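Novice: My structure file upload_4.cif, mmCIF, N, CA and C atoms, is below:
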data_run
loop_
_atom_site.label_atom_id
_atom_site.label_comp_id
_atom_site.auth_asym_id
_atom_site.auth_seq_id
_atom_site.Cartn_x
_atom_site.Cartn_y
_atom_site.Cartn_z
N LEU Q 261 4.53 9.66 -4.43
CA LEU Q 261 5.48 9.76 -5.52
C LEU Q 261 6.13 8.41 -5.77
N SER Q 262 6.38 8.13 -7.01
CA SER Q 262 7.02 6.87 -7.38
C SER Q 262 8.52 7.09 -7.54
N SER Q 263 9.29 6.18 -7.02
CA SER Q 263 10.74 6.28 -7.15
C SER Q 263 11.23 5.74 -8.49
N GLY Q 264 10.33 5.07 -9.21
CA GLY Q 264 10.72 4.49 -10.49
C GLY Q 264 11.37 3.13 -10.34
N ILE Q 265 11.49 2.65 -9.11
CA ILE Q 265 12.08 1.34 -8.86
C ILE Q 265 10.97 0.32 -8.77
N TYR Q 266 11.04 -0.70 -9.62
CA TYR Q 266 10.01 -1.74 -9.63
C TYR Q 266 10.47 -2.91 -8.79
N GLN Q 267 9.66 -3.30 -7.84
CA GLN Q 267 9.99 -4.44 -6.99
C GLN Q 267 9.33 -5.69 -7.55
N PHE Q 268 10.12 -6.71 -7.82
CA PHE Q 268 9.57 -7.99 -8.24
C PHE Q 268 9.00 -8.70 -7.02
N PRO Q 269 7.91 -9.42 -7.19
CA PRO Q 269 7.34 -10.16 -6.06
C PRO Q 269 8.33 -11.21 -5.54
N THR Q 270 8.32 -11.42 -4.23
CA THR Q 270 9.18 -12.43 -3.62
C THR Q 270 8.38 -13.64 -3.17
N GLU Q 271 7.05 -13.56 -3.29
CA GLU Q 271 6.19 -14.69 -2.96
C GLU Q 271 4.95 -14.66 -3.83
N PHE Q 272 4.24 -15.77 -3.86
CA PHE Q 272 2.98 -15.85 -4.59
C PHE Q 272 1.88 -15.28 -3.72
N LYS Q 273 1.04 -14.41 -4.30
CA LYS Q 273 -0.05 -13.81 -3.54
C LYS Q 273 -1.30 -13.71 -4.41
N LEU Q 274 -2.43 -13.88 -3.76
CA LEU Q 274 -3.74 -13.63 -4.37
C LEU Q 274 -4.30 -12.45 -3.59
N GLY Q 275 -4.28 -11.28 -4.20
CA GLY Q 275 -4.71 -10.06 -3.52
C GLY Q 275 -6.21 -10.02 -3.28
N ALA Q 276 -6.61 -9.21 -2.31
CA ALA Q 276 -8.02 -9.08 -1.96
C ALA Q 276 -8.82 -8.54 -3.13
N SER Q 277 -9.99 -9.12 -3.35
CA SER Q 277 -10.88 -8.68 -4.43
C SER Q 277 -11.54 -7.36 -4.06
N TYR Q 278 -11.72 -6.52 -5.07
CA TYR Q 278 -12.41 -5.25 -4.86
C TYR Q 278 -13.26 -4.95 -6.07
N PRO Q 279 -14.47 -4.47 -5.95
CA PRO Q 279 -15.19 -4.45 -4.67
C PRO Q 279 -15.60 -5.85 -4.25
N ASN Q 280 -15.91 -6.01 -3.01
CA ASN Q 280 -16.42 -7.28 -2.48
C ASN Q 280 -17.24 -6.96 -1.24
N PRO Q 281 -18.55 -7.12 -1.31
CA PRO Q 281 -19.41 -7.70 -2.35
C PRO Q 281 -19.35 -6.90 -3.65
N PHE Q 282 -19.73 -7.58 -4.75
CA PHE Q 282 -19.63 -6.96 -6.07
C PHE Q 282 -20.83 -7.28 -6.94
N ASN Q 283 -20.98 -6.51 -8.02
CA ASN Q 283 -22.01 -6.74 -9.03
C ASN Q 283 -21.65 -5.95 -10.28
N PRO Q 284 -21.37 -6.54 -11.42
CA PRO Q 284 -21.13 -7.95 -11.63
C PRO Q 284 -19.66 -8.29 -11.75
N VAL Q 285 -18.74 -7.27 -11.59
CA VAL Q 285 -17.30 -7.52 -11.81
C VAL Q 285 -16.52 -7.24 -10.54
N THR Q 286 -15.58 -8.13 -10.21
CA THR Q 286 -14.63 -7.91 -9.13
C THR Q 286 -13.22 -8.02 -9.69
N ASN Q 287 -12.30 -7.25 -9.12
CA ASN Q 287 -10.92 -7.18 -9.58
C ASN Q 287 -9.98 -7.63 -8.48
N PHE Q 288 -8.82 -8.15 -8.86
CA PHE Q 288 -7.82 -8.55 -7.87
C PHE Q 288 -6.46 -8.63 -8.55
N LEU Q 289 -5.41 -8.49 -7.74
CA LEU Q 289 -4.05 -8.63 -8.23
C LEU Q 289 -3.51 -10.00 -7.83
N ILE Q 290 -2.66 -10.55 -8.70
CA ILE Q 290 -1.91 -11.74 -8.31
C ILE Q 290 -0.43 -11.40 -8.44
N GLU Q 291 0.35 -11.96 -7.54
CA GLU Q 291 1.80 -11.79 -7.59
C GLU Q 291 2.43 -13.15 -7.84
N ILE Q 292 3.30 -13.19 -8.84
CA ILE Q 292 3.98 -14.42 -9.24
C ILE Q 292 5.46 -14.25 -8.93
N ALA Q 293 5.96 -15.04 -7.96
CA ALA Q 293 7.35 -14.90 -7.49
C ALA Q 293 8.36 -15.49 -8.46
N GLN Q 294 7.96 -16.51 -9.21
CA GLN Q 294 8.84 -17.09 -10.22
C GLN Q 294 7.97 -17.62 -11.34
N ALA Q 295 8.51 -17.64 -12.53
CA ALA Q 295 7.75 -18.10 -13.70
C ALA Q 295 7.11 -19.45 -13.41
N SER Q 296 5.81 -19.55 -13.67
CA SER Q 296 5.06 -20.76 -13.30
C SER Q 296 3.84 -20.94 -14.19
N GLU Q 297 3.38 -22.19 -14.23
CA GLU Q 297 2.07 -22.47 -14.77
C GLU Q 297 1.06 -22.09 -13.68
N VAL Q 298 0.05 -21.33 -14.06
CA VAL Q 298 -0.92 -20.82 -13.09
C VAL Q 298 -2.32 -21.08 -13.60
N GLU Q 299 -3.20 -21.45 -12.69
CA GLU Q 299 -4.63 -21.58 -13.00
C GLU Q 299 -5.40 -20.74 -12.01
N ILE Q 300 -6.35 -19.96 -12.53
CA ILE Q 300 -7.24 -19.20 -11.65
C ILE Q 300 -8.66 -19.60 -12.03
N ASN Q 301 -9.35 -20.20 -11.07
CA ASN Q 301 -10.69 -20.72 -11.28
C ASN Q 301 -11.66 -20.17 -10.24
N ILE Q 302 -12.93 -20.27 -10.58
CA ILE Q 302 -14.00 -19.87 -9.67
C ILE Q 302 -14.78 -21.12 -9.28
N TYR Q 303 -15.04 -21.25 -7.98
CA TYR Q 303 -15.80 -22.38 -7.45
C TYR Q 303 -17.03 -21.86 -6.72
N ASP Q 304 -18.11 -22.63 -6.78
CA ASP Q 304 -19.31 -22.26 -6.04
C ASP Q 304 -19.22 -22.76 -4.61
N ILE Q 305 -20.24 -22.49 -3.82
CA ILE Q 305 -20.23 -22.84 -2.40
C ILE Q 305 -20.16 -24.35 -2.17
N ARG Q 306 -20.54 -25.13 -3.17
CA ARG Q 306 -20.47 -26.60 -3.07
C ARG Q 306 -19.13 -27.17 -3.53
N GLY Q 307 -18.23 -26.29 -3.95
CA GLY Q 307 -16.91 -26.74 -4.38
C GLY Q 307 -16.82 -27.13 -5.84
N ARG Q 308 -17.85 -26.82 -6.62
CA ARG Q 308 -17.84 -27.13 -8.05
C ARG Q 308 -17.17 -26.00 -8.83
N LYS Q 309 -16.28 -26.36 -9.74
CA LYS Q 309 -15.66 -25.36 -10.61
C LYS Q 309 -16.72 -24.86 -11.58
N ILE Q 310 -16.95 -23.53 -11.59
CA ILE Q 310 -18.01 -22.97 -12.44
C ILE Q 310 -17.46 -22.03 -13.51
N ASP Q 311 -16.20 -21.60 -13.36
CA ASP Q 311 -15.64 -20.67 -14.35
C ASP Q 311 -14.12 -20.74 -14.26
N SER Q 312 -13.47 -20.39 -15.36
CA SER Q 312 -12.01 -20.33 -15.41
C SER Q 312 -11.61 -18.94 -15.86
N ILE Q 313 -10.76 -18.28 -15.09
CA ILE Q 313 -10.31 -16.93 -15.41
C ILE Q 313 -9.03 -16.96 -16.23
N PHE Q 314 -8.10 -17.84 -15.84
CA PHE Q 314 -6.81 -17.91 -16.55
C PHE Q 314 -6.20 -19.29 -16.36
N THR Q 315 -5.61 -19.80 -17.42
CA THR Q 315 -4.81 -21.02 -17.35
C THR Q 315 -3.64 -20.83 -18.28
N GLY Q 316 -2.42 -20.93 -17.75
CA GLY Q 316 -1.27 -20.79 -18.61
C GLY Q 316 -0.02 -20.42 -17.84
N TYR Q 317 1.01 -20.09 -18.60
CA TYR Q 317 2.32 -19.76 -18.07
C TYR Q 317 2.41 -18.26 -17.84
N LEU Q 318 2.92 -17.85 -16.68
CA LEU Q 318 3.14 -16.43 -16.40
C LEU Q 318 4.56 -16.22 -15.91
N PRO Q 319 5.27 -15.25 -16.48
CA PRO Q 319 6.57 -14.89 -15.93
C PRO Q 319 6.40 -14.17 -14.59
N ARG Q 320 7.49 -14.06 -13.86
CA ARG Q 320 7.48 -13.35 -12.58
C ARG Q 320 6.93 -11.95 -12.77
N GLY Q 321 6.01 -11.54 -11.86
CA GLY Q 321 5.46 -10.20 -11.96
C GLY Q 321 4.14 -10.07 -11.21
N ILE Q 322 3.52 -8.91 -11.39
CA ILE Q 322 2.23 -8.61 -10.77
C ILE Q 322 1.23 -8.43 -11.89
N TYR Q 323 0.07 -9.08 -11.75
CA TYR Q 323 -0.94 -9.09 -12.81
C TYR Q 323 -2.30 -8.67 -12.25
N ASP Q 324 -3.00 -7.86 -13.03
CA ASP Q 324 -4.34 -7.39 -12.69
C ASP Q 324 -5.35 -8.35 -13.32
N MET Q 325 -6.21 -8.94 -12.52
CA MET Q 325 -7.20 -9.89 -13.00
C MET Q 325 -8.60 -9.39 -12.64
N SER Q 326 -9.60 -9.93 -13.32
CA SER Q 326 -10.98 -9.61 -12.96
C SER Q 326 -11.88 -10.80 -13.29
N TRP Q 327 -13.02 -10.83 -12.63
CA TRP Q 327 -14.03 -11.85 -12.90
C TRP Q 327 -15.35 -11.15 -13.15
N ASN Q 328 -15.91 -11.41 -14.33
CA ASN Q 328 -17.23 -10.88 -14.68
C ASN Q 328 -18.24 -11.98 -14.40
N ALA Q 329 -19.07 -11.79 -13.39
CA ALA Q 329 -20.03 -12.80 -12.95
C ALA Q 329 -21.45 -12.49 -13.41
N SER Q 330 -21.58 -11.77 -14.52
CA SER Q 330 -22.92 -11.36 -14.96
C SER Q 330 -23.80 -12.55 -15.33
N ASN Q 331 -23.21 -13.71 -15.63
CA ASN Q 331 -24.00 -14.90 -15.98
C ASN Q 331 -24.28 -15.81 -14.78
N PHE Q 332 -23.94 -15.35 -13.58
CA PHE Q 332 -24.13 -16.17 -12.39
C PHE Q 332 -25.10 -15.50 -11.42
N SER Q 333 -25.71 -16.31 -10.57
CA SER Q 333 -26.68 -15.78 -9.61
C SER Q 333 -25.97 -15.29 -8.35
N SER Q 334 -26.69 -14.49 -7.57
CA SER Q 334 -26.16 -13.99 -6.31
C SER Q 334 -25.70 -15.14 -5.44
N GLY Q 335 -24.64 -14.92 -4.67
CA GLY Q 335 -24.17 -15.96 -3.77
C GLY Q 335 -22.71 -15.81 -3.42
N ILE Q 336 -22.20 -16.79 -2.70
CA ILE Q 336 -20.81 -16.82 -2.29
C ILE Q 336 -20.03 -17.71 -3.25
N TYR Q 337 -18.89 -17.19 -3.69
CA TYR Q 337 -18.02 -17.91 -4.61
C TYR Q 337 -16.59 -17.85 -4.09
N PHE Q 338 -15.72 -18.69 -4.64
CA PHE Q 338 -14.33 -18.73 -4.23
C PHE Q 338 -13.43 -18.58 -5.44
N ILE Q 339 -12.50 -17.61 -5.36
CA ILE Q 339 -11.47 -17.46 -6.38
C ILE Q 339 -10.28 -18.29 -5.90
N SER Q 340 -9.79 -19.16 -6.77
CA SER Q 340 -8.73 -20.08 -6.39
C SER Q 340 -7.58 -19.98 -7.38
N MET Q 341 -6.37 -19.77 -6.86
CA MET Q 341 -5.17 -19.69 -7.69
C MET Q 341 -4.31 -20.91 -7.40
N HIS Q 342 -4.08 -21.73 -8.44
CA HIS Q 342 -3.27 -22.95 -8.32
C HIS Q 342 -1.92 -22.70 -8.99
N PHE Q 343 -0.83 -23.08 -8.30
CA PHE Q 343 0.51 -22.96 -8.85
C PHE Q 343 1.44 -23.88 -8.08
N ASP Q 344 2.40 -24.48 -8.73
CA ASP Q 344 3.43 -25.31 -8.07
C ASP Q 344 2.87 -26.20 -6.96
N TYR Q 345 1.78 -26.88 -7.22
CA TYR Q 345 1.15 -27.78 -6.25
C TYR Q 345 0.64 -27.08 -5.00
N LYS Q 346 0.41 -25.78 -5.09
CA LYS Q 346 -0.14 -25.02 -3.98
C LYS Q 346 -1.42 -24.33 -4.45
N VAL Q 347 -2.26 -23.94 -3.48
CA VAL Q 347 -3.52 -23.28 -3.80
C VAL Q 347 -3.73 -22.12 -2.84
N LEU Q 348 -4.09 -20.96 -3.38
CA LEU Q 348 -4.52 -19.82 -2.59
C LEU Q 348 -5.98 -19.56 -2.94
N THR Q 349 -6.81 -19.29 -1.94
CA THR Q 349 -8.25 -19.13 -2.18
C THR Q 349 -8.78 -17.96 -1.38
N GLN Q 350 -9.76 -17.26 -1.96
CA GLN Q 350 -10.47 -16.22 -1.23
C GLN Q 350 -11.95 -16.25 -1.56
N LYS Q 351 -12.74 -15.81 -0.62
CA LYS Q 351 -14.20 -15.78 -0.77
C LYS Q 351 -14.65 -14.43 -1.30
N VAL Q 352 -15.58 -14.47 -2.26
CA VAL Q 352 -16.21 -13.25 -2.77
C VAL Q 352 -17.72 -13.43 -2.76
N THR Q 353 -18.43 -12.31 -2.68
CA THR Q 353 -19.89 -12.36 -2.62
C THR Q 353 -20.47 -11.55 -3.77
N LEU Q 354 -21.26 -12.23 -4.59
CA LEU Q 354 -21.96 -11.59 -5.71
C LEU Q 354 -23.35 -11.20 -5.24
N VAL Q 355 -23.68 -9.91 -5.35
CA VAL Q 355 -25.00 -9.42 -4.94
C VAL Q 355 -25.64 -8.74 -6.14
N LYS Q 356 -26.78 -9.28 -6.58
CA LYS Q 356 -27.49 -8.68 -7.72
C LYS Q 356 -28.76 -8.00 -7.27
#
Here is the file; what I need is its structure written in the form of structure tokens.

Specialist:
Amino acid sequence: LSSGIYQFPTEFKLGASYPNPFNPVTNFLIEIAQASEVEINIYDIRGRKIDSIFTGYLPRGIYDMSWNASNFSSGIYFISMHFDYKVLTQKVTLVK
């Protein structure tokens, strides 16, 4: 049951992707503790930026994000969230 009370995030978080492994879409939540410029990018195993999910300003809150990798081959990729000179990263596996 929901109490109807919404909790604002108190820290920046990059939530675990689901499903993982995935084909072709994976979803994840991000938590923004204070209004910030945010970039969410995808990098390949060699560290090359191969896709951009979001770039822009976000107010404090929780956001549902997804990556559609239908144009990419099977392999290991990294979702990276950049904000306030910090970076959070997680590994995801695309299986086709």

Novice: DSSP says strand (DSSP E or B) for which residues of chain Q? Put them as a VMD selection string?

Specialist: chain Q and resid 273 to 274 278 282 285 to 292 296 to 304 309 to 318 321 to 328 335 to 343 346 to 354

Novice: Step by step, work through what the PyMOL selection byres ((chain Q and resi 315) around 8) selects in the shown file, and finish by giving those residues as JSON, numbers by chain.

Specialist: {"Q": [297, 298, 299, 300, 301, 312, 313, 314, 316, 317, 318]}

Novice: Atom C of Arg308 of chain Q and atom CA of Ser330 of chain Q, how far apart in Å?

Specialist: 16.9 Å

Novice: Would you work out the distance separating atom CA of Ser340 of chain Q from atom CA of Tyr303 of chain Q, expressed in Å to one decimal?

Specialist: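 Separation of atom CA of Ser340 of chain Q and atom CA of Tyr303 of chain Q: 7.5 Å.
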
Novice: Nearest to Lys351 of chain Q: which of Q:Ser333, Q:Thr270, Q:Ser277, Q:Asn283 is it, counting only N, CA and C atoms?

Specialist: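 Among Q:Ser333, Q:Thr270, Q:Ser277, Q:Asn283, it is Q:Ser277 that comes nearest to Lys351 of chain Q.
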
Novice: With a distance cut-off of 9 Å and only C-alpha atoms, select the neighbouring residues of Ala329 of chain Q, excluding the residue or stretch itself and same-chain residues fewer than 6 positions from it, and output the selection as a list in words.

Specialist: Asn283, Pro284, Val285, Thr286 and Leu354 of chain Q

Novice: Which residues match the PyMOL selection byres ((chain Q and resi 304) around 8) in the file above, as a list in words?

Specialist: Asn301, Ile302, Tyr303, Ile305, Arg306, Gly307, Arg308, Lys309, Ile310, Asp311, Gly335, Ile336, Tyr337, Phe338 and Ile339 of chain Q

Novice: I want to know what sits within 12 Å of segment 287-291 of chain Q, based on only C-alpha atoms, with residues of the same chain fewer than 4 positions away left out; could you give that as a VMD selection string?

Specialist: chain Q and resid 267 to 283 295 to 296 298 to 300 313 to 314 318 to 329 339 to 343 348 to 352

Novice: Keeping only N, CA and C atoms, take the residues you just selected and write them out as a compact mmCIF listing (two decimals), keeping the file's coordinate frame.

Specialist:
# COMPACT_ATOMS: atom_id res chain seq x y z
N GLN Q 267 9.66 -3.30 -7.84
CA GLN Q 267 9.99 -4.44 -6.99
C GLN Q 267 9.33 -5.69 -7.55
N PHE Q 268 10.12 -6.71 -7.82
CA PHE Q 268 9.57 -7.99 -8.24
C PHE Q 268 9.00 -8.70 -7.02
N PRO Q 269 7.91 -9.42 -7.19
CA PRO Q 269 7.34 -10.16 -6.06
C PRO Q 269 8.33 -11.21 -5.54
N THR Q 270 8.32 -11.42 -4.23
CA THR Q 270 9.18 -12.43 -3.62
C THR Q 270 8.38 -13.64 -3.17
N GLU Q 271 7.05 -13.56 -3.29
CA GLU Q 271 6.19 -14.69 -2.96
C GLU Q 271 4.95 -14.66 -3.83
N PHE Q 272 4.24 -15.77 -3.86
CA PHE Q 272 2.98 -15.85 -4.59
C PHE Q 272 1.88 -15.28 -3.72
N LYS Q 273 1.04 -14.41 -4.30
CA LYS Q 273 -0.05 -13.81 -3.54
C LYS Q 273 -1.30 -13.71 -4.41
N LEU Q 274 -2.43 -13.88 -3.76
CA LEU Q 274 -3.74 -13.63 -4.37
C LEU Q 274 -4.30 -12.45 -3.59
N GLY Q 275 -4.28 -11.28 -4.20
CA GLY Q 275 -4.71 -10.06 -3.52
C GLY Q 275 -6.21 -10.02 -3.28
N ALA Q 276 -6.61 -9.21 -2.31
CA ALA Q 276 -8.02 -9.08 -1.96
C ALA Q 276 -8.82 -8.54 -3.13
N SER Q 277 -9.99 -9.12 -3.35
CA SER Q 277 -10.88 -8.68 -4.43
C SER Q 277 -11.54 -7.36 -4.06
N TYR Q 278 -11.72 -6.52 -5.07
CA TYR Q 278 -12.41 -5.25 -4.86
C TYR Q 278 -13.26 -4.95 -6.07
N PRO Q 279 -14.47 -4.47 -5.95
CA PRO Q 279 -15.19 -4.45 -4.67
C PRO Q 279 -15.60 -5.85 -4.25
N ASN Q 280 -15.91 -6.01 -3.01
CA ASN Q 280 -16.42 -7.28 -2.48
C ASN Q 280 -17.24 -6.96 -1.24
N PRO Q 281 -18.55 -7.12 -1.31
CA PRO Q 281 -19.41 -7.70 -2.35
C PRO Q 281 -19.35 -6.90 -3.65
N PHE Q 282 -19.73 -7.58 -4.75
CA PHE Q 282 -19.63 -6.96 -6.07
C PHE Q 282 -20.83 -7.28 -6.94
N ASN Q 283 -20.98 -6.51 -8.02
CA ASN Q 283 -22.01 -6.74 -9.03
C ASN Q 283 -21.65 -5.95 -10.28
N ALA Q 295 8.51 -17.64 -12.53
CA ALA Q 295 7.75 -18.10 -13.70
C ALA Q 295 7.11 -19.45 -13.41
N SER Q 296 5.81 -19.55 -13.67
CA SER Q 296 5.06 -20.76 -13.30
C SER Q 296 3.84 -20.94 -14.19
N VAL Q 298 0.05 -21.33 -14.06
CA VAL Q 298 -0.92 -20.82 -13.09
C VAL Q 298 -2.32 -21.08 -13.60
N GLU Q 299 -3.20 -21.45 -12.69
CA GLU Q 299 -4.63 -21.58 -13.00
C GLU Q 299 -5.40 -20.74 -12.01
N ILE Q 300 -6.35 -19.96 -12.53
CA ILE Q 300 -7.24 -19.20 -11.65
C ILE Q 300 -8.66 -19.60 -12.03
N ILE Q 313 -10.76 -18.28 -15.09
CA ILE Q 313 -10.31 -16.93 -15.41
C ILE Q 313 -9.03 -16.96 -16.23
N PHE Q 314 -8.10 -17.84 -15.84
CA PHE Q 314 -6.81 -17.91 -16.55
C PHE Q 314 -6.20 -19.29 -16.36
N LEU Q 318 2.92 -17.85 -16.68
CA LEU Q 318 3.14 -16.43 -16.40
C LEU Q 318 4.56 -16.22 -15.91
N PRO Q 319 5.27 -15.25 -16.48
CA PRO Q 319 6.57 -14.89 -15.93
C PRO Q 319 6.40 -14.17 -14.59
N ARG Q 320 7.49 -14.06 -13.86
CA ARG Q 320 7.48 -13.35 -12.58
C ARG Q 320 6.93 -11.95 -12.77
N GLY Q 321 6.01 -11.54 -11.86
CA GLY Q 321 5.46 -10.20 -11.96
C GLY Q 321 4.14 -10.07 -11.21
N ILE Q 322 3.52 -8.91 -11.39
CA ILE Q 322 2.23 -8.61 -10.77
C ILE Q 322 1.23 -8.43 -11.89
N TYR Q 323 0.07 -9.08 -11.75
CA TYR Q 323 -0.94 -9.09 -12.81
C TYR Q 323 -2.30 -8.67 -12.25
N ASP Q 324 -3.00 -7.86 -13.03
CA ASP Q 324 -4.34 -7.39 -12.69
C ASP Q 324 -5.35 -8.35 -13.32
N MET Q 325 -6.21 -8.94 -12.52
CA MET Q 325 -7.20 -9.89 -13.00
C MET Q 325 -8.60 -9.39 -12.64
N SER Q 326 -9.60 -9.93 -13.32
CA SER Q 326 -10.98 -9.61 -12.96
C SER Q 326 -11.88 -10.80 -13.29
N TRP Q 327 -13.02 -10.83 -12.63
CA TRP Q 327 -14.03 -11.85 -12.90
C TRP Q 327 -15.35 -11.15 -13.15
N ASN Q 328 -15.91 -11.41 -14.33
CA ASN Q 328 -17.23 -10.88 -14.68
C ASN Q 328 -18.24 -11.98 -14.40
N ALA Q 329 -19.07 -11.79 -13.39
CA ALA Q 329 -20.03 -12.80 -12.95
C ALA Q 329 -21.45 -12.49 -13.41
N ILE Q 339 -12.50 -17.61 -5.36
CA ILE Q 339 -11.47 -17.46 -6.38
C ILE Q 339 -10.28 -18.29 -5.90
N SER Q 340 -9.79 -19.16 -6.77
CA SER Q 340 -8.73 -20.08 -6.39
C SER Q 340 -7.58 -19.98 -7.38
N MET Q 341 -6.37 -19.77 -6.86
CA MET Q 341 -5.17 -19.69 -7.69
C MET Q 341 -4.31 -20.91 -7.40
N HIS Q 342 -4.08 -21.73 -8.44
CA HIS Q 342 -3.27 -22.95 -8.32
C HIS Q 342 -1.92 -22.70 -8.99
N PHE Q 343 -0.83 -23.08 -8.30
CA PHE Q 343 0.51 -22.96 -8.85
C PHE Q 343 1.44 -23.88 -8.08
N LEU Q 348 -4.09 -20.96 -3.38
CA LEU Q 348 -4.52 -19.82 -2.59
C LEU Q 348 -5.98 -19.56 -2.94
N THR Q 349 -6.81 -19.29 -1.94
CA THR Q 349 -8.25 -19.13 -2.18
C THR Q 349 -8.78 -17.96 -1.38
N GLN Q 350 -9.76 -17.26 -1.96
CA GLN Q 350 -10.47 -16.22 -1.23
C GLN Q 350 -11.95 -16.25 -1.56
N LYS Q 351 -12.74 -15.81 -0.62
CA LYS Q 351 -14.20 -15.78 -0.77
C LYS Q 351 -14.65 -14.43 -1.30
N VAL Q 352 -15.58 -14.47 -2.26
CA VAL Q 352 -16.21 -13.25 -2.77
C VAL Q 352 -17.72 -13.43 -2.76

Novice: Quick one, how far is atom CA of Val355 of chain Q from atom C of Phe332 of chain Q?

Specialist: 8.9 Å
